[in-house]
Structures are given as C-alpha cells and as structure tokens.
file model-v4.txt (compact mmCIF, C-alpha atoms)
# COMPACT_ATOMS: atom_id res chain seq x y z
CA MET B 472 236.68 29.95 243.12
CA THR B 473 240.49 29.89 243.23
CA THR B 474 242.77 30.30 240.25
CA ARG B 475 243.63 26.63 239.96
CA GLU B 476 240.02 25.50 240.27
CA THR B 477 239.23 27.08 236.88
CA LYS B 478 239.86 24.08 234.62
CA ILE B 479 239.34 23.22 230.96
CA GLU B 480 236.73 20.52 231.26
CA HIS B 481 237.09 19.04 227.75
CA ILE B 482 240.89 18.61 227.88
CA ASP B 483 242.27 15.40 229.36
CA ALA B 484 245.00 15.64 231.96
CA GLY B 485 248.42 15.64 230.31
CA LYS B 486 247.02 16.17 226.80
CA LYS B 487 248.64 18.81 224.62
CA VAL B 488 246.87 22.16 224.51
CA GLY B 489 247.61 24.21 221.41
CA PHE B 490 250.55 23.76 219.03
CA SER B 491 253.33 22.09 221.00
CA ASN B 492 254.23 20.07 224.06
CA LEU B 493 256.99 22.48 225.04
CA SER B 494 256.95 23.31 228.72
CA ASP B 495 256.25 26.88 229.77
CA GLN B 496 259.85 27.18 230.96
CA GLU B 497 261.19 26.06 227.58
CA ILE B 498 259.04 28.72 225.90
CA TYR B 499 260.36 31.39 228.28
CA ASN B 500 263.92 30.26 227.55
CA PHE B 501 263.46 30.27 223.77
CA GLU B 502 261.94 33.77 223.82
CA GLU B 503 264.74 35.00 226.07
CA THR B 504 267.44 33.50 223.86
CA PHE B 505 266.07 34.07 220.37
CA GLY B 506 263.47 36.85 220.64
CA ALA B 507 263.78 40.62 220.88
CA HIS B 508 262.97 41.93 224.35
CA HIS B 509 260.59 44.59 223.09
CA TYR B 510 257.69 43.59 225.35
CA ASP B 511 257.62 43.31 229.13
CA ARG B 512 255.60 40.11 229.14
CA LEU B 513 253.57 38.68 231.98
CA HIS B 514 254.81 35.22 232.96
CA THR B 515 251.99 33.22 231.37
CA VAL B 516 251.91 31.09 228.22
CA ILE B 517 248.61 31.05 226.33
CA ARG B 518 248.12 27.86 224.30
CA LYS B 519 244.58 28.19 223.00
CA THR B 520 241.89 30.86 222.62
CA GLU B 521 238.14 30.63 222.19
CA GLY B 522 235.47 33.30 222.55
CA ALA B 523 236.46 35.58 225.42
CA TRP B 524 238.75 32.99 227.03
CA LEU B 525 242.43 32.08 227.01
CA TYR B 526 243.77 28.64 228.00
CA THR B 527 247.08 27.45 229.43
CA GLN B 528 248.75 24.05 229.42
CA ASP B 529 248.12 23.47 233.13
CA GLY B 530 244.36 23.90 232.91
CA ARG B 531 243.83 27.58 233.66
CA LYS B 532 241.00 29.40 231.95
CA ILE B 533 241.64 33.16 231.79
CA LEU B 534 239.12 35.81 230.77
CA ASP B 535 240.65 38.11 228.15
CA CYS B 536 240.09 41.76 229.07
CA LEU B 537 242.46 43.08 226.42
CA ALA B 538 241.12 41.48 223.23
CA ALA B 539 244.59 42.16 221.76
CA TYR B 540 243.95 45.91 221.97
CA SER B 541 240.63 45.52 220.11
CA ALA B 542 241.85 43.06 217.46
CA ALA B 543 239.56 40.36 218.89
CA ASN B 544 236.35 42.39 219.12
CA ALA B 545 234.39 39.45 217.68
CA GLY B 546 236.00 37.07 220.14
CA HIS B 547 238.76 34.57 219.53
CA HIS B 548 238.20 32.07 216.73
CA HIS B 549 234.67 33.20 215.97
CA PRO B 550 233.21 30.18 214.12
CA LYS B 551 231.96 32.21 211.14
CA ILE B 552 235.30 33.91 210.62
CA VAL B 553 237.15 30.60 211.09
CA ALA B 554 234.84 28.96 208.54
CA ALA B 555 235.61 31.68 206.00
CA ALA B 556 239.34 31.26 206.63
CA VAL B 557 239.22 27.47 206.31
CA GLU B 558 237.12 27.71 203.15
CA ALA B 559 239.63 30.13 201.63
CA LEU B 560 242.53 27.80 202.43
CA GLN B 561 240.81 24.64 201.25
CA GLY B 562 239.38 26.37 198.19
CA HIS B 563 242.87 27.44 197.09
CA TYR B 564 241.97 31.11 196.82
CA SER B 565 243.82 32.35 199.90
CA SER B 566 247.42 32.68 198.75
CA VAL B 567 249.13 36.01 198.17
CA ILE B 568 248.95 37.11 194.53
CA SER B 569 250.88 39.87 192.81
CA ASN B 570 249.06 43.18 192.73
CA VAL B 571 249.66 43.42 189.00
CA VAL B 572 246.44 41.42 188.61
CA TYR B 573 242.97 41.66 190.18
CA THR B 574 241.28 39.37 192.72
CA ASP B 575 237.58 39.18 193.44
CA LEU B 576 238.20 39.12 197.21
CA LEU B 577 240.05 42.42 197.24
CA ALA B 578 237.42 44.02 195.01
CA LEU B 579 234.62 42.84 197.32
CA PHE B 580 236.55 43.91 200.44
CA CYS B 581 237.19 47.38 198.99
CA LYS B 582 233.48 47.76 198.24
CA ARG B 583 232.35 46.48 201.64
CA VAL B 584 234.70 48.67 203.67
CA SER B 585 234.09 51.78 201.57
CA GLU B 586 230.32 51.44 201.84
CA MET B 587 230.43 50.57 205.55
CA LEU B 588 231.49 54.14 206.35
CA PRO B 589 229.42 57.28 205.71
CA GLN B 590 230.49 59.53 202.86
CA LEU B 591 233.83 60.90 204.01
CA ALA B 592 235.05 64.42 203.14
CA PRO B 593 231.69 65.33 201.57
CA ARG B 594 232.97 68.79 200.62
CA PHE B 595 235.03 67.03 197.93
CA GLY B 596 232.00 65.32 196.43
CA SER B 597 229.44 62.62 197.08
CA GLY B 598 230.81 60.01 194.71
CA GLY B 599 231.60 57.52 197.45
CA ASN B 600 234.66 56.35 199.36
CA LYS B 601 237.77 54.41 198.40
CA MET B 602 240.14 52.39 200.57
CA LEU B 603 243.83 51.51 200.42
CA PRO B 604 244.72 48.28 202.28
CA LYS B 605 247.83 47.51 204.29
CA ASN B 606 248.82 45.06 207.04
CA GLY B 607 249.54 46.51 210.49
CA GLY B 608 247.67 49.61 211.60
CA VAL B 609 250.74 51.87 211.64
CA GLU B 610 251.14 51.32 207.88
CA SER B 611 247.70 52.80 207.28
CA VAL B 612 248.46 55.68 209.63
CA GLU B 613 251.46 56.46 207.43
CA THR B 614 249.20 56.17 204.37
CA ALA B 615 246.96 58.82 205.95
CA ILE B 616 250.01 61.01 206.60
CA LYS B 617 250.87 60.76 202.90
CA LEU B 618 247.30 61.73 202.03
CA MET B 619 247.43 64.84 204.24
CA ARG B 620 250.84 65.90 203.00
CA TYR B 621 249.95 65.47 199.34
CA PHE B 622 246.71 67.36 199.85
CA GLY B 623 248.68 70.22 201.39
CA PHE B 624 251.13 70.20 198.47
CA LYS B 625 248.65 69.75 195.63
CA GLN B 626 245.48 71.44 196.91
CA LYS B 627 246.83 74.15 199.21
CA GLY B 628 250.09 74.93 197.44
CA ILE B 629 252.30 74.30 200.47
CA PRO B 630 255.92 73.82 199.32
CA ASP B 631 256.80 70.13 199.41
CA GLY B 632 258.67 69.41 202.63
CA LYS B 633 257.01 72.26 204.52
CA GLN B 634 253.67 70.54 205.24
CA GLU B 635 252.67 70.33 208.91
CA ILE B 636 250.23 68.00 210.66
CA ILE B 637 248.70 68.70 214.07
CA VAL B 638 248.72 65.73 216.48
CA PHE B 639 247.98 65.34 220.19
CA ASN B 640 250.04 64.77 223.31
CA ASN B 641 250.10 61.17 224.56
CA ASN B 642 248.93 59.95 221.18
CA PHE B 643 249.55 56.40 220.06
CA HIS B 644 249.51 55.65 216.35
CA GLY B 645 252.17 52.93 216.17
CA ARG B 646 255.94 52.66 216.34
CA MET B 647 257.36 53.23 212.85
CA ILE B 648 259.83 56.09 212.46
CA ALA B 649 257.46 58.68 210.98
CA VAL B 650 254.91 57.97 213.73
CA ILE B 651 257.22 57.82 216.74
CA SER B 652 258.58 61.16 215.55
CA PHE B 653 255.50 62.83 217.00
CA SER B 654 255.06 60.58 220.04
CA SER B 655 255.13 62.11 223.53
CA SER B 656 256.94 59.03 224.84
CA LYS B 657 260.70 59.37 225.17
CA LEU B 658 261.00 55.59 225.27
CA TYR B 659 259.44 55.22 221.81
CA LYS B 660 261.92 57.49 220.06
CA GLU B 661 265.14 57.99 222.03
CA GLY B 662 268.13 56.80 220.01
CA PHE B 663 266.13 56.23 216.83
CA GLY B 664 266.83 59.62 215.22
CA PRO B 665 266.99 61.47 212.96
CA LEU B 666 263.25 61.77 213.40
CA THR B 667 260.76 62.91 210.79
CA PRO B 668 259.81 66.60 210.97
CA GLY B 669 256.47 68.18 210.11
CA TYR B 670 254.36 67.63 213.22
CA VAL B 671 253.00 69.96 215.90
CA SER B 672 251.69 68.34 219.10
CA VAL B 673 249.11 70.00 221.37
CA PRO B 674 247.15 68.85 224.46
CA PHE B 675 244.39 66.34 223.70
CA GLY B 676 240.98 67.95 224.05
CA ASP B 677 242.25 71.56 223.97
CA ILE B 678 240.56 73.22 220.99
CA GLU B 679 242.17 76.61 221.74
CA ALA B 680 245.62 75.04 221.52
CA VAL B 681 244.68 73.58 218.14
CA LYS B 682 243.62 77.01 216.88
CA LYS B 683 246.95 78.52 217.91
CA ALA B 684 248.90 75.70 216.24
CA ILE B 685 247.40 76.26 212.78
CA THR B 686 249.74 77.96 210.32
CA PRO B 687 249.70 78.47 206.53
CA ASN B 688 251.66 75.20 206.27
CA THR B 689 249.15 73.10 208.24
CA CYS B 690 247.58 70.46 206.00
CA GLY B 691 245.74 68.17 208.44
CA ILE B 692 244.85 67.01 211.93
CA LEU B 693 245.37 63.42 213.05
CA VAL B 694 243.30 62.40 216.09
CA GLU B 695 242.20 59.37 218.05
CA PRO B 696 238.49 60.01 218.86
CA MET B 697 239.34 58.39 222.20
CA GLN B 698 242.88 57.74 223.37
CA GLY B 699 243.74 54.14 224.17
CA GLU B 700 247.43 53.81 225.00
CA GLY B 701 247.49 57.44 226.12
CA GLY B 702 245.43 56.66 229.21
CA MET B 703 241.92 55.69 228.02
CA TYR B 704 240.84 59.32 227.72
CA GLN B 705 237.78 60.66 225.92
CA PRO B 706 237.90 64.31 224.84
CA PRO B 707 235.47 66.89 226.21
CA ALA B 708 232.09 67.09 224.52
CA GLY B 709 232.25 69.12 221.33
CA PHE B 710 235.98 68.65 220.77
CA LEU B 711 235.64 66.61 217.58
CA LYS B 712 233.02 69.03 216.27
CA GLY B 713 235.46 71.84 216.99
CA LEU B 714 238.16 70.06 215.00
CA ARG B 715 235.73 69.57 212.13
CA GLU B 716 234.89 73.28 212.08
CA LEU B 717 238.55 74.28 212.13
CA CYS B 718 239.37 71.90 209.27
CA ASP B 719 236.52 73.31 207.18
CA GLN B 720 237.53 76.87 207.99
CA HIS B 721 241.24 76.43 207.21
CA GLU B 722 240.98 73.81 204.44
CA LEU B 723 242.60 70.99 206.40
CA LEU B 724 242.02 67.25 206.36
CA LEU B 725 240.63 65.68 209.54
CA VAL B 726 241.83 62.08 209.93
CA ALA B 727 240.38 59.79 212.61
CA ASP B 728 242.57 56.90 213.80
CA GLU B 729 239.95 54.32 214.79
CA ILE B 730 242.26 51.31 214.92
CA GLN B 731 241.52 50.65 218.60
CA VAL B 732 238.19 52.42 219.06
CA GLY B 733 236.40 51.52 215.82
CA MET B 734 234.42 48.45 214.73
CA GLY B 735 232.00 48.60 217.66
CA ARG B 736 234.43 48.98 220.54
CA THR B 737 232.93 52.13 222.12
CA GLY B 738 229.26 51.28 221.59
CA LYS B 739 228.93 52.58 218.03
CA MET B 740 230.40 51.15 214.85
CA PHE B 741 232.80 54.12 214.74
CA CYS B 742 233.79 56.28 217.67
CA PHE B 743 233.42 59.53 215.71
CA GLN B 744 229.68 58.79 215.50
CA HIS B 745 229.27 59.74 219.16
CA GLU B 746 229.52 63.37 218.07
CA ASN B 747 227.97 62.95 214.60
CA VAL B 748 231.21 64.20 213.07
CA ILE B 749 232.31 63.08 209.60
CA PRO B 750 236.09 62.88 209.15
CA ASP B 751 237.85 63.31 205.82
CA ALA B 752 239.66 60.01 206.24
CA VAL B 753 239.49 57.09 208.66
CA VAL B 754 242.13 54.51 209.60
CA LEU B 755 240.89 51.07 210.63
CA GLY B 756 242.70 47.88 211.60
CA LYS B 757 242.84 45.11 214.22
CA ALA B 758 239.19 43.99 214.51
CA ILE B 759 238.48 44.52 210.81
CA ALA B 760 239.71 40.97 210.09
CA GLY B 761 238.49 39.28 213.25
CA GLY B 762 241.94 38.77 214.74
CA LEU B 763 242.88 36.02 212.26
CA ALA B 764 244.87 38.06 209.74
CA PRO B 765 246.75 41.37 209.89
CA VAL B 766 244.71 43.91 207.93
CA SER B 767 244.47 47.69 208.05
CA VAL B 768 242.89 50.25 205.75
CA MET B 769 242.88 53.96 205.10
CA VAL B 770 239.52 55.12 203.73
CA THR B 771 238.74 58.50 202.25
CA ASN B 772 236.67 60.28 199.61
CA ARG B 773 237.35 58.88 196.13
CA GLU B 774 238.39 62.35 194.87
CA LEU B 775 241.09 62.66 197.53
CA MET B 776 242.27 59.07 197.02
CA ASP B 777 242.55 59.46 193.25
CA MET B 778 244.31 62.81 193.59
CA THR B 779 246.96 61.39 195.94
CA PHE B 780 247.73 57.84 194.87
CA LYS B 781 248.86 56.84 191.38
CA PRO B 782 250.63 53.66 190.22
CA GLY B 783 253.98 53.55 191.97
CA SER B 784 253.15 56.08 194.71
CA ASP B 785 252.19 53.35 197.17
CA GLY B 786 252.04 49.57 197.46
CA SER B 787 252.19 46.53 199.73
CA THR B 788 252.84 42.89 198.81
CA PHE B 789 250.46 41.51 201.45
CA GLY B 790 248.20 44.55 201.74
CA GLY B 791 244.74 43.30 200.82
CA TYR B 792 245.82 39.78 199.91
CA PRO B 793 243.02 37.21 199.42
CA PHE B 794 243.19 35.41 202.78
CA ALA B 795 243.08 38.66 204.71
CA CYS B 796 240.14 39.89 202.63
CA ALA B 797 238.23 36.63 203.20
CA CYS B 798 238.68 37.04 206.95
CA GLY B 799 237.78 40.72 206.71
CA LEU B 800 234.53 40.16 204.84
CA ALA B 801 233.48 37.55 207.41
CA ALA B 802 234.49 39.75 210.35
CA ILE B 803 232.45 42.71 209.11
CA ASP B 804 229.49 40.37 208.63
CA VAL B 805 229.80 39.16 212.23
CA ILE B 806 230.12 42.66 213.69
CA GLU B 807 227.12 43.94 211.76
CA LYS B 808 224.77 40.93 211.86
CA GLU B 809 225.43 40.10 215.50
CA LYS B 810 225.04 43.80 216.39
CA LEU B 811 228.29 43.93 218.32
CA PRO B 812 228.33 47.76 218.56
CA GLU B 813 224.92 47.65 220.25
CA ARG B 814 226.09 44.79 222.45
CA SER B 815 229.16 46.77 223.43
CA ALA B 816 226.99 49.73 224.41
CA ALA B 817 224.65 47.60 226.51
CA MET B 818 227.21 45.36 228.21
CA GLY B 819 229.59 48.29 228.62
CA LYS B 820 226.99 50.27 230.52
CA ILE B 821 226.33 47.36 232.88
CA LEU B 822 230.03 46.77 233.43
CA LYS B 823 230.88 50.44 233.94
CA ASP B 824 228.06 50.82 236.47
CA LYS B 825 229.51 47.90 238.42
CA ILE B 826 233.03 49.36 238.21
CA ASP B 827 231.80 52.78 239.35
CA LYS B 828 230.32 51.17 242.46
CA ILE B 829 233.57 49.32 243.14
CA ALA B 830 235.56 52.53 242.64
CA ALA B 831 233.36 54.36 245.17
CA ARG B 832 234.50 51.85 247.83
CA SER B 833 238.12 51.59 246.73
CA PRO B 834 240.97 53.55 248.31
CA PHE B 835 243.05 52.90 245.19
CA VAL B 836 240.91 54.29 242.35
CA LYS B 837 241.28 57.86 241.16
CA GLU B 838 238.83 57.84 238.22
CA VAL B 839 236.81 55.54 235.96
CA ARG B 840 236.20 56.60 232.34
CA GLY B 841 235.19 55.14 229.00
CA LYS B 842 232.47 54.28 226.53
CA GLY B 843 231.09 50.89 225.57
CA LEU B 844 233.57 48.14 226.38
CA PHE B 845 236.49 50.56 226.36
CA ILE B 846 236.93 51.33 230.05
CA GLY B 847 239.88 52.73 231.99
CA ILE B 848 240.38 52.62 235.76
CA GLU B 849 243.03 55.14 236.80
CA VAL B 850 244.77 54.30 240.08
CA LYS B 851 246.11 56.84 242.55
CA SER B 852 249.52 55.17 242.84
CA GLY B 853 250.23 55.60 239.12
CA ASP B 854 251.26 51.94 238.83
CA ALA B 855 248.37 50.02 237.29
CA MET B 856 250.46 46.91 236.57
CA VAL B 857 250.48 46.05 240.27
CA PHE B 858 246.74 45.48 239.98
CA CYS B 859 246.99 43.83 236.56
CA ARG B 860 249.31 41.18 237.99
CA LYS B 861 246.87 40.51 240.82
CA LEU B 862 244.06 40.21 238.29
CA LEU B 863 246.05 37.66 236.31
CA ASP B 864 246.46 35.61 239.50
CA LEU B 865 242.64 35.61 239.57
CA ASP B 866 242.44 34.43 235.93
CA LEU B 867 241.71 37.77 234.29
CA LEU B 868 244.08 39.30 231.74
CA ALA B 869 244.32 43.09 231.75
CA ASN B 870 247.09 45.56 231.03
CA ASP B 871 247.99 49.11 231.88
CA SER B 872 247.44 52.20 229.76
CA HIS B 873 250.03 54.94 230.17
CA HIS B 874 251.19 53.24 233.39
CA HIS B 875 248.46 54.74 235.58
CA THR B 876 245.28 53.16 234.21
CA ILE B 877 243.92 49.60 234.15
CA ARG B 878 242.57 48.92 230.69
CA ILE B 879 239.35 46.88 230.52
CA SER B 880 238.49 46.07 226.91
CA PRO B 881 237.19 42.49 226.56
CA PRO B 882 235.78 40.98 223.36
CA LEU B 883 232.41 42.50 222.50
CA ILE B 884 230.72 39.10 222.75
CA ILE B 885 230.91 38.87 226.55
CA ASN B 886 227.74 37.85 228.35
CA ASP B 887 226.19 38.70 231.72
CA SER B 888 228.09 36.03 233.63
CA GLU B 889 231.38 37.19 232.15
CA VAL B 890 230.59 40.79 233.13
CA ASP B 891 230.00 39.53 236.68
CA TYR B 892 233.28 37.60 236.49
CA ILE B 893 235.16 40.81 235.58
CA ALA B 894 233.47 42.83 238.31
CA ASP B 895 234.14 40.12 240.91
CA ARG B 896 237.89 40.07 240.16
CA LEU B 897 238.14 43.85 240.08
CA GLU B 898 236.46 44.06 243.46
CA LYS B 899 238.90 41.53 244.90
CA VAL B 900 241.94 43.60 243.92
CA LEU B 901 240.52 47.11 244.34
CA VAL B 902 238.56 46.82 247.57
CA PRO B 903 240.66 45.60 250.54
call {"tool": "encode", "arguments": {"input": "model-v4.txt", "output": "structure tokens"}}
result
Amino acid sequence: MTTRETKIEHIDAGKKVGFSNLSDQEIYNFEETFGAHHYDRLHTVIRKTEGAWLYTQDGRKILDCLAAYSAANAGHHHPKIVAAAVEALQGHYSSVISNVVYTDLLALFCKRVSEMLPQLAPRFGSGGNKMLPKNGGVESVETAIKLMRYFGFKQKGIPDGKQEIIVFNNNFHGRMIAVISFSSSKLYKEGFGPLTPGYVSVPFGDIEAVKKAITPNTCGILVEPMQGEGGMYQPPAGFLKGLRELCDQHELLLVADEIQVGMGRTGKMFCFQHENVIPDAVVLGKAIAGGLAPVSVMVTNRELMDMTFKPGSDGSTFGGYPFACACGLAAIDVIEKEKLPERSAAMGKILKDKIDKIAARSPFVKEVRGKGLFIGIEVKSGDAMVFCRKLLDLDLLANDSHHHTIRISPPLIINDSEVDYIADRLEKVLVP
C-alpha cells in the first residue's frame, strides 16, 4: 500500500479535518513568522488524532510511533478520558481555582497517585506517600531537586548552597535552567549561563563512578531508570539496586525520573519495578493525564514531603487544577483497568522480536534495545533522522534519540495488525 492510498474513510473529500481550513502552507508560514524555531519539525501538519493514528488534511493516516514521548500511552482521545474531560467542562467543575481553597478533584487525585505507588523511602516510615502536583515534567524534576537539597540541609547538616546531586551523562530531565545546568548537551545550555551549580555527572550505568563521586556534600542521586532522549539505553542489570544500596549506606535520596518510562511504557507500571527497587521519590508526568492536560507530580514519603514543603516554599497556579485532575483520574483508571503495562510487555515482545529479525538482515542497524514498547534502533551511520523521514513517507511517525537511534514508542493500545504495520515499514527502510 502506498502512502497516498492510506485514506480516512469517514471524511468526505474537501471537508475540514480538525480545527481550521488553513492550508498546510499557511500553517508553515504562520509558524515560521510568529513561532519560535525551537523545534526542527518534520514537514507534516497533523489535524486530528485518534487511538494510535494521526490524520492530515489530504487524507493521510499515519501511525504514531512517538506517542508524544509517552504522553499518549493510552492512545489519542481515549473515549473514557475524553468523557471525563467533557463531563468536567459541562459540569462546571473544571476551571482553575485558587489554591487558597480545597477541591475534591485534587484531593482524590493526590490520594490516587500516592496509593498507586509502593511505599517510597520506607526507611523514613510506613505512613504512606504524598504528592506535589505541577504542570510540565521539568517542574516536578525541579521539585525533586528541592526535596534532595532540603534533605541534605536539614537531615544531613550540609551547609545551604553546598549540597550536591549526582546525575548521569546524556540525561534528559527537561530544559529549565536548573536542569540544563547538568545536561551533557552543549546545545541545551550554551549561552544560557550563569548555570546552576551543585551537580556531578557520571557515566550512566557505571556504579563505580557513582561511588567515587559521593562526597560529604552529596544529598541525592537523580536517575532515569531507562534513558529516553539519551539514546534509549537501559542500565546493566543490578545498577538500580547498586544505587539503592549506596543511597542507604551514605544517607542519600534516590529519585527516579519516570516521566517517559513510567505508567506502563516499559512493560511494568513503573520502570524501577524491573529490578524490584524502591526509590525515595518518583517523578511522573506526560501519560498521567492521558495526553489531554499537562500534569506532572513528585511523589515521596509523607515524612520527607512534610519536612521539606511548608506554605510558601512551593506553589503553582495550574498545578493540580480541577480539569487536569479529572483527566488524571480517568487516565489512571484506563491504564490500570485496561492492563496497559501488561499489554506493553506482550506487544513489545512481539514487536522487538520482529525488529531483531529485521536488524539481523539490515546493513544499517548497529543495535536494538529496549523493554516493553520503549524500543531503540541504533544505526551505524549515526543519523537516525534519515530513516525517520523515510518512515514518515510510509505513513509512520518516528523520531531520533540522541541522533543515532530510531525511537519506537507507540501508544500502548496498539494491536497485532498495527505491530505488523510498524514492522513492515521498518523493513522497507532498513533492509535494501
């Protein structure tokens, strides 16, 4: 089947798809004239999304193999999440409300998220977890940084301003100033100084390097259980357990950034569960609200949360506002009741087996790695976007990770025929 033969059957020729009747060229022109050029966009305008599919004005139907970097784990416009959003809007309980008063939605969302995770930081007590909500994921990463720093100051007696956090090379935790300060990417931080001090970066997966980096001023370790933007890498077996042991030994906080790899993406609800490791705090975002509202959270033991955050020490106008919480409650329901982590494990195994067989016959593939529906295909040339553009011509949207790796991370709802669709397109571009 050719690209142009993939049509949207229920849309009449010439009928508007999505919000406007603007031509694709007009949209390109408006973005060029009025928008910041902070993304190197592929030349395609998406007008509508549904399930695992993206639709254009001219009738193309494109399989989404990015899922907005795991924000759309439940698929685009999942009917149960949409119904919750519509009900919140029509019921007049969705608008932002000042945080000087309570809302039932935030209270329920706090309870649901806190109880969804195992008891975090159990050495500080078994009284349960608490969460602090924000909007974009990077905000909750910075919340976790505040937690680690305050713990170092209050609990360990580190002089304020001397606290250090261990991070990992090729990490990706967002692009705010405090976070880009410890990025390995020159592009993320050049010209944006002065940068924030207090971070020590070591190779991902190297437990000996972590040991050497620990000083009396170290207060925590921030880690992605699997790296996404850094190249779709999983650490060697036992690495997370090694981090846990070091944190217990040296009285440090272990924080897992699960924004991309949590909520079922790697075949378990949380990626740290692959090693049966319990972090002291977890950062979640993207998929936690089903892709319909920006929501992120930092969750930790209630003792640590209450020690660190008092009235005035943190806040966010839209963090945890009612509409976002309504979407979040519905999204968690969908992920749990439809067993999306289990589905990711099963479909991911089938897809990875197919990709491994393609890679064995491809002169272009260096390595295939991943868990669940979080799969990277590293290419020998180091330029994965060449293949991503060819995939888009075949109606499959993928992107590169760290330049050298094709990222395959579709919505967790994909079925057998969609797995075959992905494998078919990959074979076309990877096997001459």
call {"tool": "closest_residue", "arguments": {"input": "model-v4.txt", "among": "B:Ala758, B:Glu695, B:Phe595, B:Thr737", "to": "B:Leu800", "atoms": "all atoms listed in the file"}}
result
B:Ala758
call {"tool": "closest_residue", "arguments": {"input": "model-v4.txt", "among": "B:Ser880, B:Ser767, B:Val836, B:Lys601", "to": "B:Asp751", "atoms": "all atoms listed in the file"}}
result
B:Lys601
call {"tool": "atom_distance", "arguments": {"input": "model-v4.txt", "atom1": "atom CA of B:Ile885", "atom2": "atom CA of B:Gly489"}}
result
22.8 Å
call {"tool": "atom_distance", "arguments": {"input": "model-v4.txt", "atom1": "atom CA of B:Ile884", "atom2": "atom CA of B:Ser815"}}
result
7.9 Å
call {"tool": "closest_atom_pairs", "arguments": {"input": "model-v4.txt", "of": "stretch 724-842 of chain B", "to": "stretch 537-557 of chain B", "cutoff": "8 Å", "atoms": "all atoms listed in the file", "output": "Markdown table"}}
result
| residue | atom | partner | partner_atom | distance |
| --- | --- | --- | --- | --- |
| B:Ile730 | CA | B:Ser541 | CA | 7.9 |
| B:Gln731 | CA | B:Ser541 | CA | 5.4 |
| B:Val732 | CA | B:Ser541 | CA | 7.4 |
| B:Met734 | CA | B:Asn544 | CA | 7.7 |
| B:Gly735 | CA | B:Asn544 | CA | 7.7 |
| B:Arg736 | CA | B:Asn544 | CA | 7.0 |
| B:Gly756 | CA | B:Ala542 | CA | 7.6 |
| B:Lys757 | CA | B:Ala542 | CA | 4.0 |
| B:Ala758 | CA | B:Ala542 | CA | 4.1 |
| B:Ile759 | CA | B:Ala542 | CA | 7.6 |
| B:Ala760 | CA | B:Ala542 | CA | 8.0 |
| B:Gly761 | CA | B:Ala543 | CA | 5.8 |
| B:Gly762 | CA | B:Ala543 | CA | 5.0 |
| B:Leu763 | CA | B:His548 | CA | 7.6 |
| B:Phe794 | CA | B:Ala556 | CA | 6.8 |
| B:Ala797 | CA | B:Ala555 | CA | 6.3 |
| B:Cys798 | CA | B:Ala556 | CA | 5.8 |
| B:Ala801 | CA | B:Ile552 | CA | 5.2 |
| B:Ala802 | CA | B:Ile552 | CA | 5.9 |
| B:Val805 | CA | B:Ala545 | CA | 7.1 |
| B:Ile806 | CA | B:Ala545 | CA | 6.7 |
| B:Leu811 | CA | B:Ala545 | CA | 7.6 |
call {"tool": "residues_near_point", "arguments": {"input": "model-v4.txt", "point": "(229.7, 50.9, 202.7)", "cutoff": "12 Å", "atoms": "only C-alpha atoms", "output": "PDB file with C-alpha atoms, in the frame of the given file"}}
result
ATOM      1  CA  LEU B 579     234.620  42.840 197.320  1.00  0.00           C
ATOM      2  CA  PHE B 580     236.550  43.910 200.440  1.00  0.00           C
ATOM      3  CA  CYS B 581     237.190  47.380 198.990  1.00  0.00           C
ATOM      4  CA  LYS B 582     233.480  47.760 198.240  1.00  0.00           C
ATOM      5  CA  ARG B 583     232.350  46.480 201.640  1.00  0.00           C
ATOM      6  CA  VAL B 584     234.700  48.670 203.670  1.00  0.00           C
ATOM      7  CA  SER B 585     234.090  51.780 201.570  1.00  0.00           C
ATOM      8  CA  GLU B 586     230.320  51.440 201.840  1.00  0.00           C
ATOM      9  CA  MET B 587     230.430  50.570 205.550  1.00  0.00           C
ATOM     10  CA  LEU B 588     231.490  54.140 206.350  1.00  0.00           C
ATOM     11  CA  PRO B 589     229.420  57.280 205.710  1.00  0.00           C
ATOM     12  CA  GLN B 590     230.490  59.530 202.860  1.00  0.00           C
ATOM     13  CA  LEU B 591     233.830  60.900 204.010  1.00  0.00           C
ATOM     14  CA  GLY B 599     231.600  57.520 197.450  1.00  0.00           C
ATOM     15  CA  ASN B 600     234.660  56.350 199.360  1.00  0.00           C
ATOM     16  CA  LYS B 601     237.770  54.410 198.400  1.00  0.00           C
ATOM     17  CA  MET B 602     240.140  52.390 200.570  1.00  0.00           C
ATOM     18  CA  VAL B 770     239.520  55.120 203.730  1.00  0.00           C
ATOM     19  CA  THR B 771     238.740  58.500 202.250  1.00  0.00           C
ATOM     20  CA  LEU B 800     234.530  40.160 204.840  1.00  0.00           C
ATOM     21  CA  ILE B 803     232.450  42.710 209.110  1.00  0.00           C
ATOM     22  CA  GLU B 807     227.120  43.940 211.760  1.00  0.00           C
TER      23      GLU B 807
END
call {"tool": "closest_atom_pairs", "arguments": {"input": "model-v4.txt", "of": "stretch 490-606 of chain B", "to": "stretch 887-890 of chain B", "cutoff": "12 Å", "atoms": "all atoms listed in the file", "output": "JSON lines"}}
result
{"residue": "B:Gly522", "atom": "CA", "partner": "B:Glu889", "partner_atom": "CA", "distance": 11.1}
{"residue": "B:Ala523", "atom": "CA", "partner": "B:Glu889", "partner_atom": "CA", "distance": 8.6}
{"residue": "B:Trp524", "atom": "CA", "partner": "B:Glu889", "partner_atom": "CA", "distance": 9.9}
{"residue": "B:Ile533", "atom": "CA", "partner": "B:Glu889", "partner_atom": "CA", "distance": 11.0}
{"residue": "B:Leu534", "atom": "CA", "partner": "B:Glu889", "partner_atom": "CA", "distance": 8.0}
{"residue": "B:Asp535", "atom": "CA", "partner": "B:Glu889", "partner_atom": "CA", "distance": 10.1}
{"residue": "B:Cys536", "atom": "CA", "partner": "B:Glu889", "partner_atom": "CA", "distance": 10.3}
